[in-house]
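Here is upload-v7.tsv, consisting of TSV, C-alpha atoms and all ligand atoms:
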chain	number	residue	atom	x	y	z
A	1	PRO	CA	-5.93	163.24	313.43
A	2	LEU	CA	-8.15	164.21	316.29
A	3	PHE	CA	-11.32	162.65	314.94
A	4	ARG	CA	-10.50	159.12	313.91
A	5	HIS	CA	-13.91	157.80	313.28
A	6	ALA	CA	-15.80	159.78	310.75
A	7	GLU	CA	-18.74	158.23	309.05
A	8	PHE	CA	-20.52	159.52	306.01
A	9	TYR	CA	-23.94	160.62	307.19
A	10	THR	CA	-25.87	162.17	304.32
A	11	THR	CA	-25.62	164.38	301.27
A	12	VAL	CA	-27.99	167.22	300.55
A	13	ASN	CA	-28.71	169.17	297.41
A	14	HIS	CA	-31.78	171.10	298.55
A	15	ILE	CA	-32.54	172.98	301.74
A	16	LYS	CA	-35.71	170.97	302.23
A	17	ASP	CA	-33.60	167.79	302.43
A	18	LEU	CA	-31.41	168.94	305.32
A	19	PRO	CA	-31.38	166.32	308.07
A	20	GLN	CA	-33.14	167.07	311.28
A	21	ALA	CA	-30.61	168.88	313.45
A	22	THR	CA	-29.59	166.48	316.19
A	23	GLY	CA	-26.29	167.87	317.35
A	24	VAL	CA	-23.53	170.36	316.78
A	25	GLU	CA	-22.43	171.10	313.22
A	26	ILE	CA	-19.18	172.71	312.10
A	27	ALA	CA	-19.05	173.69	308.44
A	28	PHE	CA	-15.97	173.68	306.20
A	29	ALA	CA	-16.03	176.11	303.30
A	30	GLY	CA	-13.60	177.32	300.69
A	31	ARG	CA	-12.83	178.13	297.10
A	32	SER	CA	-12.33	175.10	294.88
A	33	ASN	CA	-8.73	173.98	294.99
A	34	ALA	CA	-7.98	176.04	298.09
A	35	GLY	CA	-7.11	172.81	299.90
A	36	LYS	CA	-10.32	172.05	301.79
A	37	SER	CA	-10.32	168.28	301.21
A	38	SER	CA	-6.67	168.06	302.19
A	39	ALA	CA	-7.27	170.09	305.34
A	40	ILE	CA	-10.20	167.89	306.30
A	41	ASN	CA	-8.10	164.79	305.72
A	42	THR	CA	-5.38	166.21	307.93
A	43	LEU	CA	-7.80	166.98	310.74
A	44	VAL	CA	-10.18	164.08	310.44
A	45	GLY	CA	-9.10	160.48	310.04
A	46	ARG	CA	-10.68	158.68	307.17
A	47	GLY	CA	-13.50	156.38	308.04
A	48	ARG	CA	-15.20	154.36	305.37
A	49	PHE	CA	-14.97	157.12	302.78
A	50	ALA	CA	-12.47	159.38	301.09
A	51	PHE	CA	-12.90	163.11	301.48
A	52	THR	CA	-10.97	163.80	298.33
A	53	SER	CA	-13.34	162.02	295.98
A	54	LYS	CA	-14.62	164.66	293.62
A	55	THR	CA	-17.42	163.48	291.42
A	56	PRO	CA	-18.21	166.61	289.38
A	57	GLY	CA	-21.96	166.22	289.85
A	58	ARG	CA	-21.48	166.30	293.58
A	59	THR	CA	-19.86	169.68	293.77
A	60	GLN	CA	-23.14	171.39	294.62
A	61	HIS	CA	-23.91	169.05	297.48
A	62	ILE	CA	-23.55	169.62	301.18
A	63	ASN	CA	-22.00	166.50	302.67
A	64	PHE	CA	-22.51	165.59	306.31
A	65	PHE	CA	-20.03	163.43	308.20
A	66	GLN	CA	-20.60	162.23	311.70
A	67	LEU	CA	-17.55	162.50	313.95
A	68	GLY	CA	-19.09	161.35	317.18
A	69	GLU	CA	-22.30	161.37	319.05
A	70	GLU	CA	-24.19	164.47	317.96
A	71	ARG	CA	-21.13	165.90	316.20
A	72	PHE	CA	-21.13	166.61	312.52
A	73	MET	CA	-18.64	168.01	310.08
A	74	VAL	CA	-20.41	169.66	307.19
A	75	ASP	CA	-18.47	169.86	303.94
A	76	LEU	CA	-19.86	172.74	301.90
A	77	PRO	CA	-19.47	172.80	298.11
A	78	GLY	CA	-16.33	174.51	296.86
A	79	TYR	CA	-16.87	177.71	294.93
A	80	GLY	CA	-15.19	179.95	292.43
A	81	TYR	CA	-15.02	177.80	289.32
A	82	ALA	CA	-15.06	180.24	286.42
A	83	GLN	CA	-17.13	178.02	284.14
A	84	VAL	CA	-20.15	177.36	286.32
A	85	PRO	CA	-23.46	178.07	284.56
A	86	LEU	CA	-25.66	180.78	286.02
A	87	ALA	CA	-28.40	178.38	287.14
A	88	ILE	CA	-25.90	176.34	289.14
A	89	ARG	CA	-24.45	179.51	290.66
A	90	GLN	CA	-27.89	180.65	291.72
A	91	HIS	CA	-28.59	177.26	293.23
A	92	TRP	CA	-25.31	177.48	295.14
A	93	VAL	CA	-26.14	180.95	296.43
A	94	HIS	CA	-29.54	179.80	297.68
A	95	LEU	CA	-28.26	176.58	299.25
A	96	LEU	CA	-25.24	178.14	300.96
A	97	SER	CA	-26.79	181.40	302.10
A	98	THR	CA	-29.84	179.65	303.52
A	99	TYR	CA	-27.81	176.97	305.28
A	100	LEU	CA	-25.36	179.48	306.78
A	101	GLN	CA	-27.97	181.99	307.83
A	102	THR	CA	-30.69	179.75	309.21
A	103	ARG	CA	-29.15	176.50	310.45
A	104	GLN	CA	-29.58	176.49	314.22
A	105	ALA	CA	-27.33	173.46	314.77
A	106	LEU	CA	-24.44	175.21	313.02
A	107	TYR	CA	-21.92	176.33	315.62
A	108	GLY	CA	-19.21	177.84	313.45
A	109	MET	CA	-17.46	177.82	310.11
A	110	ILE	CA	-13.93	176.84	309.16
A	111	LEU	CA	-13.04	178.89	306.08
A	112	ILE	CA	-10.17	177.51	304.03
A	113	MET	CA	-8.10	179.95	301.97
A	114	ASP	CA	-4.98	179.35	299.92
A	115	ILE	CA	-2.46	181.62	301.67
A	116	ARG	CA	-1.34	182.83	298.24
A	117	HIS	CA	-4.88	183.84	297.22
A	118	PRO	CA	-6.76	184.89	300.35
A	119	LEU	CA	-10.03	186.81	300.63
A	120	THR	CA	-11.47	186.23	297.18
A	121	LYS	CA	-14.79	187.86	296.34
A	122	LEU	CA	-16.72	184.71	297.22
A	123	ASP	CA	-14.79	184.26	300.49
A	124	LEU	CA	-16.02	187.72	301.44
A	125	GLN	CA	-19.53	186.75	300.36
A	126	MET	CA	-19.43	183.73	302.68
A	127	LEU	CA	-18.26	185.92	305.55
A	128	GLU	CA	-20.96	188.45	304.83
A	129	TRP	CA	-23.74	185.87	304.90
A	130	PHE	CA	-22.40	184.35	308.08
A	131	ALA	CA	-21.65	187.63	309.87
A	132	GLN	CA	-25.35	188.26	310.39
A	133	THR	CA	-25.61	185.15	312.55
A	134	GLY	CA	-22.96	186.35	314.99
A	135	LYS	CA	-21.40	182.88	314.94
A	136	LEU	CA	-17.69	182.14	314.94
A	137	VAL	CA	-15.45	181.80	311.92
A	138	HIS	CA	-11.93	180.38	311.91
A	139	VAL	CA	-9.80	180.88	308.81
A	140	LEU	CA	-7.13	178.36	307.83
A	141	LEU	CA	-4.54	179.98	305.57
A	142	THR	CA	-3.43	176.76	304.01
A	143	LYS	CA	-0.55	175.75	301.71
A	144	ALA	CA	1.65	177.85	304.01
A	145	ASP	CA	4.54	175.60	302.95
A	146	LYS	CA	4.44	177.36	299.58
A	147	LEU	CA	5.63	180.63	301.10
A	148	SER	CA	8.71	181.59	303.07
A	149	ARG	CA	8.18	181.85	306.80
A	150	SER	CA	8.40	185.64	306.83
A	151	LYS	CA	6.02	186.01	303.89
A	152	ALA	CA	3.51	183.61	305.49
A	153	LEU	CA	3.61	185.55	308.74
A	154	ALA	CA	3.16	188.82	306.88
A	155	VAL	CA	0.03	187.49	305.15
A	156	LEU	CA	-1.28	186.17	308.48
A	157	ASP	CA	-0.84	189.60	309.99
A	158	GLU	CA	-2.51	191.35	307.09
A	159	ILE	CA	-5.53	189.02	307.06
A	160	ARG	CA	-5.87	189.19	310.84
A	161	GLN	CA	-5.96	192.97	310.68
A	162	PHE	CA	-8.46	193.04	307.87
A	163	LEU	CA	-10.77	190.62	309.68
A	164	SER	CA	-10.52	192.36	313.02
A	165	THR	CA	-12.13	195.43	311.51
A	166	SER	CA	-14.66	193.63	309.30
A	167	TYR	CA	-15.64	190.50	311.24
A	168	SER	CA	-15.08	190.50	314.98
A	169	GLY	CA	-15.98	186.83	315.53
A	170	CYS	CA	-13.24	185.68	313.21
A	171	THR	CA	-9.89	184.12	314.08
A	172	VAL	CA	-7.16	183.08	311.67
A	173	GLN	CA	-4.11	180.81	311.59
A	174	ILE	CA	-1.48	179.40	309.26
A	175	PHE	CA	-1.98	175.83	308.06
A	176	SER	CA	-0.37	173.25	305.82
A	177	SER	CA	-1.66	169.82	304.96
A	178	LEU	CA	1.75	168.95	303.57
A	179	THR	CA	3.72	169.63	306.77
A	180	SER	CA	0.81	169.47	309.23
A	181	GLU	CA	1.79	172.91	310.45
A	182	GLY	CA	-1.11	174.34	312.42
A	183	ALA	CA	-2.95	171.01	312.57
A	184	GLU	CA	-2.76	170.84	316.33
A	185	GLU	CA	-4.04	174.38	316.76
A	186	ALA	CA	-6.92	173.73	314.37
A	187	SER	CA	-7.79	170.40	316.03
A	188	ARG	CA	-7.90	172.02	319.43
A	189	LEU	CA	-10.23	174.71	318.14
A	190	LEU	CA	-12.57	172.14	316.60
A	191	GLN	CA	-12.59	170.20	319.85
A	192	ASP	CA	-13.37	173.37	321.81
A	193	TRP	CA	-16.20	174.28	319.45
A	194	PHE	CA	-17.74	170.83	319.72
A	195	ASP	CA	-17.40	170.88	323.50
A	196	GLU	CA	-19.04	174.25	324.03
A	201	LIG	P1	-10.15	171.48	297.51
A	201	LIG	O1	-10.65	171.62	296.12
A	201	LIG	O2	-10.30	172.77	298.26
A	201	LIG	O3	-10.74	170.34	298.27
A	201	LIG	O4	-8.57	171.28	297.40
A	201	LIG	P2	-7.67	169.96	297.58
A	201	LIG	O5	-7.55	169.59	299.01
A	201	LIG	O6	-8.12	168.91	296.64
A	201	LIG	O7	-6.24	170.53	297.13
A	201	LIG	C1	-6.03	171.12	295.87
A	201	LIG	C2	-4.57	170.93	295.46
A	201	LIG	O8	-3.72	171.60	296.37
A	201	LIG	C3	-4.13	169.47	295.47
A	201	LIG	O9	-3.24	169.28	294.42
A	201	LIG	C4	-3.43	169.32	296.81
A	201	LIG	O10	-2.44	168.32	296.80
A	201	LIG	C5	-2.82	170.70	296.99
A	201	LIG	N1	-2.70	171.05	298.43
A	201	LIG	C6	-3.70	171.08	299.33
A	201	LIG	N2	-3.27	171.48	300.54
A	201	LIG	C7	-1.94	171.72	300.41
A	201	LIG	C8	-0.90	172.19	301.31
A	201	LIG	O11	-1.11	172.48	302.49
A	201	LIG	N3	0.36	172.33	300.78
A	201	LIG	C9	0.62	172.05	299.48
A	201	LIG	N4	1.89	172.25	299.06
A	201	LIG	N5	-0.32	171.62	298.60
A	201	LIG	C10	-1.58	171.46	299.06

Would you kindly transcribe this structure into structure tokens?
Ligand code: GDP
Amino acid sequence: PLFRHAEFYTTVNHIKDLPQATGVEIAFAGRSNAGKSSAINTLVGRGRFAFTSKTPGRTQHINFFQLGEERFMVDLPGYGYAQVPLAIRQHWVHLLSTYLQTRQALYGMILIMDIRHPLTKLDLQMLEWFAQTGKLVHVLLTKADKLSRSKALAVLDEIRQFLSTSYSGCTVQIFSSLTSEGAEEASRLLQDWFDE
């Protein structure tokens, strides 16, 4: 992994508790079970924590990890569970939309989608909130190992076309945490974003 030393920084459940912005933040978002934790683990070496730990009560938290001086990876709560109560959903909407739309330190968003189930309603919601900021989005179509090569490339093409008309600041690639396909490309992009 490109970022070997990642340290847990803080966890936030309310906008008012966001840490003072002291660097560049890159957010990771995605539907629950899309493969976000696995993708993060592929791209970021484990420090003194495990990204895959999933305490249910923590699912609405925004977790900050420090990757270097003034560099933060921001793990946004997964979405799309069918059984989430309305109050929790409303809290999620407020937390996510406010963070994405107003966070100055936020440079861009990595949006994780299962290549077999791309562009869910809430994925589109995330893009819509973020589009207003004019910031960059990079989509990882993960679990690409689950599809044949030709099918994966066809989905990539389809998603790229859709996004080119609906979100001009959006790029997309194939990814797999199982085979590490696309890990280098994604790492390079993260590095570029942090360096800009
Ligand atoms: P999260 O809820 O988005 O953080 O998803 P996880 O990273 O926990 O992954 C959900 C499930 O998908 C787990 O069983 C993973 O082992 C599996 N998974 C994640 N990424 C991949 C991948 O690239 N390929 C395959 N075959 N399975 C994956």

**Item:** Residues within 12 Å of (1.0, 165.7, 303.8), counting all atoms listed in the file, listed as number ranges by chain
**Value:** A: 35, 37-43, 142-143, 145, 175-181, 183

**Request:** Name all residues at most 9 Å from stretch 154-168 of chain A (count only C-alpha atoms; drop same-chain ones fewer than 2 positions away) and give them as a count of residues only.
**Result:** 20

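Take the candidates A:Thr11, A:Ser32, A:Gln90, A:Gln20 and check each one against ligand LIG 201 (chain A) using only C-alpha atoms and all ligand atoms; the shortest distance goes to A:Ser32.
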
**Asked** With all atoms listed in the file as the basis for distance, which of A:Val84, A:Ile110, A:Leu96, A:Ile15 is at the shortest distance from A:Trp193?
**Response**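 Among the listed residues, A:Ile110 lies closest to A:Trp193.
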
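With only C-alpha atoms and all ligand atoms as the atoms that count, the minimum distance from ligand LIG 201 (chain A) to the choices A:Thr22, A:Ser148, A:Thr120, A:Asn33 is reached by A:Asn33.
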
**Point-to-point distance in Å for atom CA of A:Leu111 and atom C2 of ligand LIG 201 (chain A)** =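 Between atom C2 of ligand LIG 201 (chain A) and atom CA of A:Leu111 the gap is 15.7 Å.
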
**Fill in**
Min atom-atom distance to A:Val44 from the set A:Phe65, A:Phe130, A:Tyr107, A:Tyr81, counting all atoms listed in the file, belongs to A:Phe65

**Item:** Residue nearest ligand LIG 201 (chain A) among A:Gly182, A:Gly68, A:Pro19, A:Pro85 (counting all atoms listed in the file)
**Value:**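 Going through A:Gly182, A:Gly68, A:Pro19, A:Pro85 one by one, the smallest distance to ligand LIG 201 (chain A) is for A:Gly182.
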
**From A:His138, A:His117, A:Glu196, A:Asn13, residue lying nearest A:Pro77 [only C-alpha atoms]** =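 Checking each candidate against A:Pro77, we get A:Asn13 as the closest.
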
**Item:** Selection: 7 Å around A:Leu67, all atoms listed in the file, excl. self and same-chain fewer than 2 positions, as a PyMOL selection string
**Value:** chain A and resi 3+5-7+65+71-73

**Message:** What's around A:Ile112 at 8 Å? Count all atoms listed in the file, leave out sequence neighbours fewer than 5 positions away in its own chain, and write the answer as an MDAnalysis selection string.
**Reply:** chainID A and resid 28:31 34:36 139:142

**Message:** Report, in Å with one decimal, the straight-line distance from atom C10 of ligand LIG 201 (chain A) to atom CA of A:Asn63.
**Reply:**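 Rounded to one decimal, the two atoms are 21.3 Å apart.
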
**Request:** Select all residues near (-33.2, 171.4, 317.1) (cut-off 12 Å, inclusive, file coordinates), counting only C-alpha atoms, and output them as a PyMOL selection string.
**Result:** chain A and resi 19-25+70+102-106
